[in-house]
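For reference, the structure is listed below as C-alpha cells.
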Number of protein chains: 2
Amino acid sequence: MREVFQEQLGKLADELASMSTMVGRAMERATKALLEADLKLAEQVIEEDVQVDEARARAEEHAFGLLALQAPVAGDLRTVISTIHAAEDLERMGDLALHVAKAARRRHPSAVLPADVQPYFAEMGRIAVKLAGRVRSVIQTQDVDSARGMEEDDDEMDDLHRHLFTVMMSPNWSHGVAAAVDVTLLGRFYERFADHAVSVARRVVFTVTGKMPTS
Amino acid sequence: MREVFQEQLGKLADELASMSTMVGRAMERATKALLEADLKLAEQVIEEDVQVDEARARAEEHAFGLLALQAPVAGDLRTVISTIHAAEDLERMGDLALHVAKAARRRHPSAVLPADVQPYFAEMGRIAVKLAGRVRSVIQTQDVDSARGMEEDDDEMDDLHRHLFTVMMSPNWSHGVAAAVDVTLLGRFYERFADHAVSVARRVVFTVTGKMPTS
C-alpha cells in the first residue's frame, strides 16, 4: 500500500515538474514575443496554453484517485492536497504567460514597450523563467533550502516591479498614458507569476517541515 | 458515518459563507474608503484582513479533518476538495479588497481617483459586493441557476473594466500617467475579485452537476 502510494506520489510530482517546464517555456517565449514584437511566437504561446490547462486537469484527477484509493492521512494527506494547490498555481502561471503573449499580439506590429523599459522586462522575464526552473527542481528534490532561496528571486522581481513605477511617474516619461497602462499591467503579470512560483515552493517547505514559512 | 459527514460538510459550508460575508464587507468598505478618501475605513479593512486569512486556515484544517477521518470518495471527495479551493478563492478576494484599501491609504488625504472615473468604481464596487453576497447564497443553497447567473454580473464587471481603458486612452484624459497607473491597477483588482467569485460558483455547479461550466 505504502509503496504504491509513494510511486503514485512520485508520478504526480513528475506531472507538476513537467507543468513547471511548460510554464517556464511559455514565459520565456512570451517575453521574447513581447520584446521582439514576434507575432508567431506570441501565437504559439497562446495556442499552447490549453496544454497547461489539460496537464492541470490530469494532475488533479490523479490526486483525486490517490485520495480516493489510498485515503492518506496526516502528512501524506497534506502532501497530496499540496499537489492540488501547486497544480492550480502552475496553471495560473501559464495564464499569466498567456496574458503577456496576448499583449504582444494585440499591439503587433508595434512594440508594446517603450525602449527604455525593455531592459526591465528582459530582466523580469529572466527571473520568471529562473523561478519556474527552480520550482521544477524544488518539486523534484523537496529541497527546503532551495525553496527558501526562491524568496530572494521574488524580492528581486518586486524591486524591479517597484522600479517600473518610479520610471513611469518620472517627469521624463514621454510615452504617454497608453504605454503606461500596458507597462502597469505587464509588470503585474510578471510579479504575480513570481508570487505563484513562491507559493508552490512554500507549500513544499510546509510539506517537508510541517511549518508554513512566513513571508 | 454519513450523517456525521453531512453535518461536518454543513459546518464547512457555513465557514465559507461567513468568509464570503467578510470579503464582501471588506470590498464594500474598501470601495467607500477609495471613493471618499476615508483613511480610518481603509485602515480598518487593512487590519481586518488577517481575520479572513485565519478563517481560511480554519476552513482548510476542517477540510483536512474531514478527509482524514471520513475518507470520502467520488462526489463527496470532490465536494470537500472544492471547499479547499473555495477557501483559497475567498482569501484572495480578501487580499484584493486589501489592495484597494492600501491604495486609498497610500494617496490619503488626496483622492486616488479622478472624479470622472469615480462612478465606474462605485459601480464596480457595487457589483463586487453583490457577487460576494451571491457566492454566500450559492454556497449555502447549492443553487446551480443562481451560480450560473453570477456569470452575468461578471460580464458587467468586464464591460466596466474595458470601458475604463477607453476612458484612459481618450484624448480627453487630463489626469496624467500616475492616475492612469492607479486606475489600471485598481480596475484589475475589482475584475479579479469578480473572477474569483465566479470561480467559487463554478465549483459549486461542478459539485452539484458533475460538469464544469465552460466560460
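Identifiers in the C-alpha cells: chain A, B, ... in order shown; residue index from 1 per chain; ligand index from 1 in order shown.
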With the cut-off set at 7 Å and counting only C-alpha atoms, tabulate each residue of chain A with an atom at most that distance from an atom of chain B, showing the nearest atom pair and its distance in Å to one decimal, ordered by chain and increasing number, as CSV.
```
residue,atom,partner,partner_atom,distance
A:Ala68,CA,B:Val73,CA,5.0
A:Ala71,CA,B:Ala71,CA,5.5
A:Pro72,CA,B:Ala68,CA,7.0
A:Val73,CA,B:Ala68,CA,5.0
A:Met169,CA,B:Ala178,CA,5.8
A:Gly176,CA,B:Val177,CA,6.7
A:Val177,CA,B:Val177,CA,5.2
A:Ala178,CA,B:Met169,CA,5.8
A:Ala180,CA,B:Val177,CA,6.5
A:Val181,CA,B:Val181,CA,6.0
A:Thr184,CA,B:Val181,CA,6.2
```
Problem set entry | For stretch 42-59 of chain A: contacts at 7 Å, only C-alpha atoms, fewer than 2 positions along chain excluded, given as a count of residues only | 23
Contacts of A:Tyr190 at 10 Å (only C-alpha atoms; same-chain gap of 5+ positions) as a short mmCIF file (atom, residue, chain, number, x, y, z; two decimals) with all heavy atoms, in the first residue's frame:
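Output (selection.cif):
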```cif
data_model
loop_
_atom_site.label_atom_id
_atom_site.label_comp_id
_atom_site.auth_asym_id
_atom_site.auth_seq_id
_atom_site.Cartn_x
_atom_site.Cartn_y
_atom_site.Cartn_z
N MET A 27 6.63 31.44 -20.52
CA MET A 27 7.01 32.79 -20.12
C MET A 27 8.25 33.25 -20.88
O MET A 27 8.37 34.43 -21.21
CB MET A 27 7.22 32.84 -18.61
CG MET A 27 7.21 34.25 -18.03
SD MET A 27 5.85 35.29 -18.67
CE MET A 27 5.29 36.09 -17.18
N THR A 31 7.95 36.47 -23.28
CA THR A 31 8.83 37.63 -23.05
C THR A 31 9.56 37.98 -24.35
O THR A 31 9.68 39.16 -24.70
CB THR A 31 9.85 37.32 -21.93
OG1 THR A 31 9.12 36.97 -20.75
CG2 THR A 31 10.73 38.52 -21.64
N MET A 93 0.21 30.45 -13.50
CA MET A 93 1.45 30.96 -14.10
C MET A 93 1.35 30.87 -15.62
O MET A 93 1.78 31.78 -16.34
CB MET A 93 2.66 30.17 -13.58
CG MET A 93 3.00 30.49 -12.12
SD MET A 93 4.08 29.25 -11.32
CE MET A 93 5.67 29.67 -12.05
N LEU A 96 -0.72 33.70 -16.88
CA LEU A 96 -0.02 34.99 -16.86
C LEU A 96 0.92 35.11 -18.05
O LEU A 96 1.02 36.18 -18.68
CB LEU A 96 0.69 35.17 -15.52
CG LEU A 96 -0.29 35.36 -14.35
CD1 LEU A 96 0.39 35.08 -13.00
CD2 LEU A 96 -0.91 36.76 -14.34
N ALA A 97 1.59 34.00 -18.41
CA ALA A 97 2.41 33.99 -19.63
C ALA A 97 1.51 34.26 -20.85
O ALA A 97 1.87 35.01 -21.76
CB ALA A 97 3.14 32.66 -19.78
N HIS A 99 -1.25 36.00 -20.87
CA HIS A 99 -1.60 37.43 -20.88
C HIS A 99 -0.48 38.26 -21.53
O HIS A 99 -0.75 39.21 -22.26
CB HIS A 99 -1.83 37.96 -19.46
CG HIS A 99 -3.08 37.44 -18.81
ND1 HIS A 99 -4.13 36.89 -19.51
CD2 HIS A 99 -3.46 37.40 -17.50
CE1 HIS A 99 -5.08 36.53 -18.67
NE2 HIS A 99 -4.70 36.82 -17.45
N VAL A 100 0.77 37.90 -21.22
CA VAL A 100 1.90 38.63 -21.81
C VAL A 100 1.88 38.43 -23.33
O VAL A 100 2.03 39.38 -24.10
CB VAL A 100 3.25 38.14 -21.20
CG1 VAL A 100 4.43 38.75 -21.95
CG2 VAL A 100 3.32 38.50 -19.70
N PHE A 121 11.91 44.53 -18.43
CA PHE A 121 11.10 43.35 -18.74
C PHE A 121 11.98 42.16 -19.15
O PHE A 121 11.65 41.01 -18.85
CB PHE A 121 10.04 43.67 -19.80
CG PHE A 121 8.87 44.39 -19.19
CD1 PHE A 121 8.84 45.77 -19.10
CD2 PHE A 121 7.81 43.67 -18.64
CE1 PHE A 121 7.77 46.43 -18.49
CE2 PHE A 121 6.75 44.32 -18.03
CZ PHE A 121 6.72 45.71 -17.96
N MET A 124 12.90 40.93 -15.78
CA MET A 124 11.76 40.28 -15.11
C MET A 124 11.46 38.93 -15.75
O MET A 124 11.14 37.95 -15.07
CB MET A 124 10.53 41.20 -15.13
CG MET A 124 10.66 42.38 -14.18
SD MET A 124 9.40 43.67 -14.47
CE MET A 124 8.11 43.11 -13.42
N GLY A 125 11.59 38.88 -17.08
CA GLY A 125 11.38 37.62 -17.78
C GLY A 125 12.42 36.59 -17.38
O GLY A 125 12.10 35.43 -17.13
N ILE A 127 14.06 36.42 -14.55
CA ILE A 127 13.80 35.94 -13.19
C ILE A 127 12.59 35.00 -13.18
O ILE A 127 12.59 33.98 -12.49
CB ILE A 127 13.57 37.13 -12.23
CG1 ILE A 127 14.83 37.99 -12.16
CG2 ILE A 127 13.19 36.64 -10.83
CD1 ILE A 127 14.65 39.29 -11.41
N ALA A 128 11.57 35.33 -13.97
CA ALA A 128 10.37 34.48 -14.02
C ALA A 128 10.74 33.08 -14.52
O ALA A 128 10.32 32.07 -13.94
CB ALA A 128 9.31 35.11 -14.93
N MET A 157 12.37 40.43 -8.12
CA MET A 157 11.23 40.74 -9.00
C MET A 157 10.44 41.93 -8.46
O MET A 157 10.08 42.85 -9.20
CB MET A 157 10.32 39.52 -9.11
CG MET A 157 9.13 39.69 -10.02
SD MET A 157 9.59 39.77 -11.76
CE MET A 157 9.36 38.05 -12.25
N ASP A 158 10.18 41.93 -7.16
CA ASP A 158 9.42 43.02 -6.54
C ASP A 158 10.16 44.36 -6.70
O ASP A 158 9.54 45.40 -6.94
CB ASP A 158 9.16 42.74 -5.06
CG ASP A 158 8.15 41.61 -4.87
OD1 ASP A 158 7.43 41.30 -5.83
OD2 ASP A 158 8.08 41.04 -3.77
N HIS A 161 9.74 45.51 -10.18
CA HIS A 161 8.35 45.93 -10.35
C HIS A 161 8.15 47.33 -9.78
O HIS A 161 7.56 48.21 -10.42
CB HIS A 161 7.43 44.90 -9.67
CG HIS A 161 5.98 45.13 -9.90
ND1 HIS A 161 5.05 45.09 -8.90
CD2 HIS A 161 5.29 45.43 -11.04
CE1 HIS A 161 3.85 45.36 -9.40
NE2 HIS A 161 3.97 45.54 -10.69
N LEU A 185 0.12 46.85 -16.41
CA LEU A 185 -0.49 45.51 -16.43
C LEU A 185 0.58 44.43 -16.61
O LEU A 185 0.59 43.42 -15.90
CB LEU A 185 -1.53 45.40 -17.55
CG LEU A 185 -2.86 46.09 -17.26
CD1 LEU A 185 -3.77 46.00 -18.48
CD2 LEU A 185 -3.56 45.48 -16.04
N ASP A 195 5.02 35.38 -7.66
CA ASP A 195 4.28 35.07 -6.42
C ASP A 195 3.76 33.63 -6.43
O ASP A 195 3.83 32.94 -5.42
CB ASP A 195 3.06 36.00 -6.27
CG ASP A 195 3.45 37.41 -5.86
OD1 ASP A 195 4.60 37.61 -5.43
OD2 ASP A 195 2.59 38.30 -5.96
#
```
Exercise. Contacts of A:Arg202 at 12 Å or less, counting only C-alpha atoms, minus same-chain residues fewer than 2 places along, as a PyMOL selection string?
Worked result: chain A and resi 82-83+85-86+89+135+138-139+142-151+195-200+204-215
So that I have them on file, write out the residues from the current selection with N, CA, C and O atoms, as a compact mmCIF listing (two decimals), in the first residue's frame.
```txt
# COMPACT_ATOMS: atom_id res chain seq x y z
N SER A 82 -1.34 19.49 -1.24
CA SER A 82 -0.36 20.46 -1.75
C SER A 82 -0.20 20.35 -3.26
O SER A 82 -0.01 21.35 -3.94
N THR A 83 -0.24 19.12 -3.77
CA THR A 83 -0.07 18.96 -5.22
C THR A 83 -1.26 19.59 -5.96
O THR A 83 -1.09 20.16 -7.03
N HIS A 85 -3.00 22.21 -4.90
CA HIS A 85 -2.74 23.65 -4.87
C HIS A 85 -1.64 24.03 -5.86
O HIS A 85 -1.74 25.04 -6.56
N ALA A 86 -0.58 23.22 -5.90
CA ALA A 86 0.55 23.53 -6.78
C ALA A 86 0.09 23.52 -8.24
O ALA A 86 0.48 24.39 -9.03
N ASP A 89 -1.58 26.77 -8.92
CA ASP A 89 -0.61 27.86 -9.07
C ASP A 89 0.07 27.80 -10.43
O ASP A 89 0.26 28.82 -11.09
N VAL A 135 11.22 26.05 -9.32
CA VAL A 135 10.03 25.34 -8.86
C VAL A 135 10.12 23.88 -9.28
O VAL A 135 9.87 22.97 -8.49
N VAL A 138 12.62 22.16 -7.06
CA VAL A 138 12.12 22.02 -5.69
C VAL A 138 11.06 20.92 -5.60
O VAL A 138 11.05 20.13 -4.65
N ILE A 139 10.22 20.84 -6.60
CA ILE A 139 9.19 19.79 -6.61
C ILE A 139 9.85 18.41 -6.67
O ILE A 139 9.43 17.47 -5.98
N GLN A 142 12.44 18.26 -3.31
CA GLN A 142 11.91 18.62 -1.98
C GLN A 142 12.99 19.33 -1.16
O GLN A 142 12.99 19.23 0.08
N ASP A 143 13.87 20.05 -1.83
CA ASP A 143 14.98 20.72 -1.16
C ASP A 143 14.48 22.03 -0.53
O ASP A 143 14.19 23.01 -1.22
N VAL A 144 14.41 22.03 0.79
CA VAL A 144 13.84 23.15 1.53
C VAL A 144 14.69 24.42 1.38
O VAL A 144 14.16 25.53 1.24
N ASP A 145 16.03 24.26 1.39
CA ASP A 145 16.89 25.44 1.26
C ASP A 145 16.69 26.12 -0.09
O ASP A 145 16.61 27.34 -0.19
N SER A 146 16.61 25.28 -1.12
CA SER A 146 16.40 25.83 -2.46
C SER A 146 15.03 26.51 -2.54
O SER A 146 14.88 27.58 -3.15
N ALA A 147 14.02 25.91 -1.90
CA ALA A 147 12.68 26.52 -1.88
C ALA A 147 12.73 27.88 -1.21
O ALA A 147 12.17 28.86 -1.71
N ARG A 148 13.45 27.95 -0.08
CA ARG A 148 13.56 29.24 0.63
C ARG A 148 14.33 30.26 -0.19
O ARG A 148 14.03 31.45 -0.15
N GLY A 149 15.32 29.78 -0.95
CA GLY A 149 16.13 30.67 -1.78
C GLY A 149 15.30 31.39 -2.84
O GLY A 149 15.67 32.47 -3.30
N MET A 150 14.18 30.81 -3.20
CA MET A 150 13.33 31.44 -4.22
C MET A 150 12.77 32.77 -3.75
O MET A 150 12.43 33.63 -4.56
N GLU A 151 12.69 32.95 -2.43
CA GLU A 151 12.19 34.23 -1.91
C GLU A 151 13.08 35.39 -2.36
O GLU A 151 12.59 36.50 -2.57
N ASP A 195 5.02 35.38 -7.66
CA ASP A 195 4.28 35.07 -6.42
C ASP A 195 3.76 33.63 -6.43
O ASP A 195 3.83 32.94 -5.42
N HIS A 196 3.23 33.21 -7.56
CA HIS A 196 2.69 31.85 -7.63
C HIS A 196 3.81 30.80 -7.53
O HIS A 196 3.63 29.76 -6.92
N ALA A 197 4.96 31.11 -8.14
CA ALA A 197 6.10 30.19 -8.04
C ALA A 197 6.51 30.05 -6.58
O ALA A 197 6.73 28.94 -6.08
N VAL A 198 6.57 31.18 -5.88
CA VAL A 198 6.95 31.16 -4.46
C VAL A 198 5.90 30.42 -3.64
O VAL A 198 6.23 29.70 -2.69
N SER A 199 4.67 30.57 -4.02
CA SER A 199 3.60 29.90 -3.29
C SER A 199 3.74 28.37 -3.39
O SER A 199 3.56 27.65 -2.40
N VAL A 200 4.11 27.86 -4.56
CA VAL A 200 4.38 26.43 -4.70
C VAL A 200 5.55 26.02 -3.79
O VAL A 200 5.47 25.03 -3.05
N VAL A 204 5.88 23.33 -0.58
CA VAL A 204 6.85 22.23 -0.48
C VAL A 204 7.54 22.30 0.89
O VAL A 204 7.68 21.28 1.58
N VAL A 205 7.92 23.50 1.30
CA VAL A 205 8.55 23.66 2.62
C VAL A 205 7.60 23.17 3.71
O VAL A 205 7.99 22.43 4.62
N PHE A 206 6.35 23.54 3.59
CA PHE A 206 5.35 23.14 4.58
C PHE A 206 5.20 21.62 4.63
O PHE A 206 5.14 21.01 5.69
N THR A 207 5.17 21.04 3.44
CA THR A 207 5.00 19.59 3.36
C THR A 207 6.17 18.87 4.02
O THR A 207 6.01 17.88 4.73
N VAL A 208 7.38 19.40 3.79
CA VAL A 208 8.57 18.74 4.31
C VAL A 208 8.76 19.01 5.81
O VAL A 208 9.08 18.12 6.59
N THR A 209 8.54 20.27 6.21
CA THR A 209 8.88 20.65 7.59
C THR A 209 7.67 20.70 8.52
O THR A 209 7.83 20.74 9.73
N GLY A 210 6.47 20.73 7.93
CA GLY A 210 5.27 20.86 8.76
C GLY A 210 5.01 22.31 9.17
O GLY A 210 4.07 22.59 9.88
N LYS A 211 5.89 23.23 8.74
CA LYS A 211 5.67 24.65 9.07
C LYS A 211 5.58 25.50 7.82
O LYS A 211 6.42 25.40 6.94
N MET A 212 4.59 26.39 7.78
CA MET A 212 4.44 27.30 6.65
C MET A 212 5.43 28.45 6.85
O MET A 212 5.43 29.06 7.91
N PRO A 213 6.29 28.73 5.83
CA PRO A 213 7.20 29.86 6.00
C PRO A 213 6.41 31.16 6.09
O PRO A 213 5.42 31.31 5.38
N THR A 214 6.83 32.07 6.95
CA THR A 214 6.16 33.38 6.99
C THR A 214 6.81 34.24 5.94
O THR A 214 8.03 34.20 5.75
N SER A 215 6.00 35.01 5.25
CA SER A 215 6.56 35.87 4.21
C SER A 215 7.19 37.06 4.89
O SER A 215 7.79 37.87 4.29
```
Exercise. What is the distance between atom CA of B:Arg107 and atom CA of B:Ala37, in Å to one decimal?
Worked result: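 Value for the atom CA of B:Arg107-atom CA of B:Ala37 distance: 8.2 Å.
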Exercise. Between atom CA of B:Gly24 and atom CA of B:Ser137, what is the spacing in Å?
Worked result: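 Between these atoms lies a distance of 12.3 Å.
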For this session: For atom CA of B:Ala115 and atom CA of B:Ala103, determine how far apart the two atoms are, in Å to one decimal place.
Result: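 Interatomic distance here is 16.0 Å.
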Exercise. So which bits of stretch 25-215 of chain B end up alpha helix (DSSP H) when you DSSP the backbone, as JSON, numbers by chain?
Worked result: {"B": [25, 26, 27, 28, 29, 30, 31, 32, 33, 34, 35, 36, 39, 40, 41, 42, 43, 44, 45, 46, 47, 48, 49, 50, 51, 52, 53, 54, 55, 56, 57, 58, 59, 60, 61, 62, 63, 64, 65, 66, 67, 68, 69, 70, 74, 75, 76, 77, 78, 79, 80, 81, 82, 83, 84, 85, 86, 87, 88, 89, 90, 91, 92, 93, 94, 95, 96, 97, 98, 99, 100, 101, 102, 103, 104, 105, 106, 107, 118, 119, 120, 121, 122, 123, 124, 125, 126, 127, 128, 129, 130, 131, 132, 133, 134, 135, 136, 137, 138, 139, 140, 141, 144, 145, 146, 147, 148, 149, 150, 151, 152, 153, 154, 155, 156, 157, 158, 159, 160, 161, 162, 163, 164, 165, 166, 167, 168, 169, 176, 177, 178, 179, 180, 181, 182, 183, 184, 185, 186, 187, 188, 189, 190, 191, 192, 193, 194, 195, 196, 197, 198, 199, 200, 201, 202, 203, 204, 205, 206, 207, 208, 209]}
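Each of B:Asp14, B:Pro114, B:Thr79, B:Arg126 was compared to B:Lys32 using only C-alpha atoms, and B:Arg126 turns out to be the nearest.
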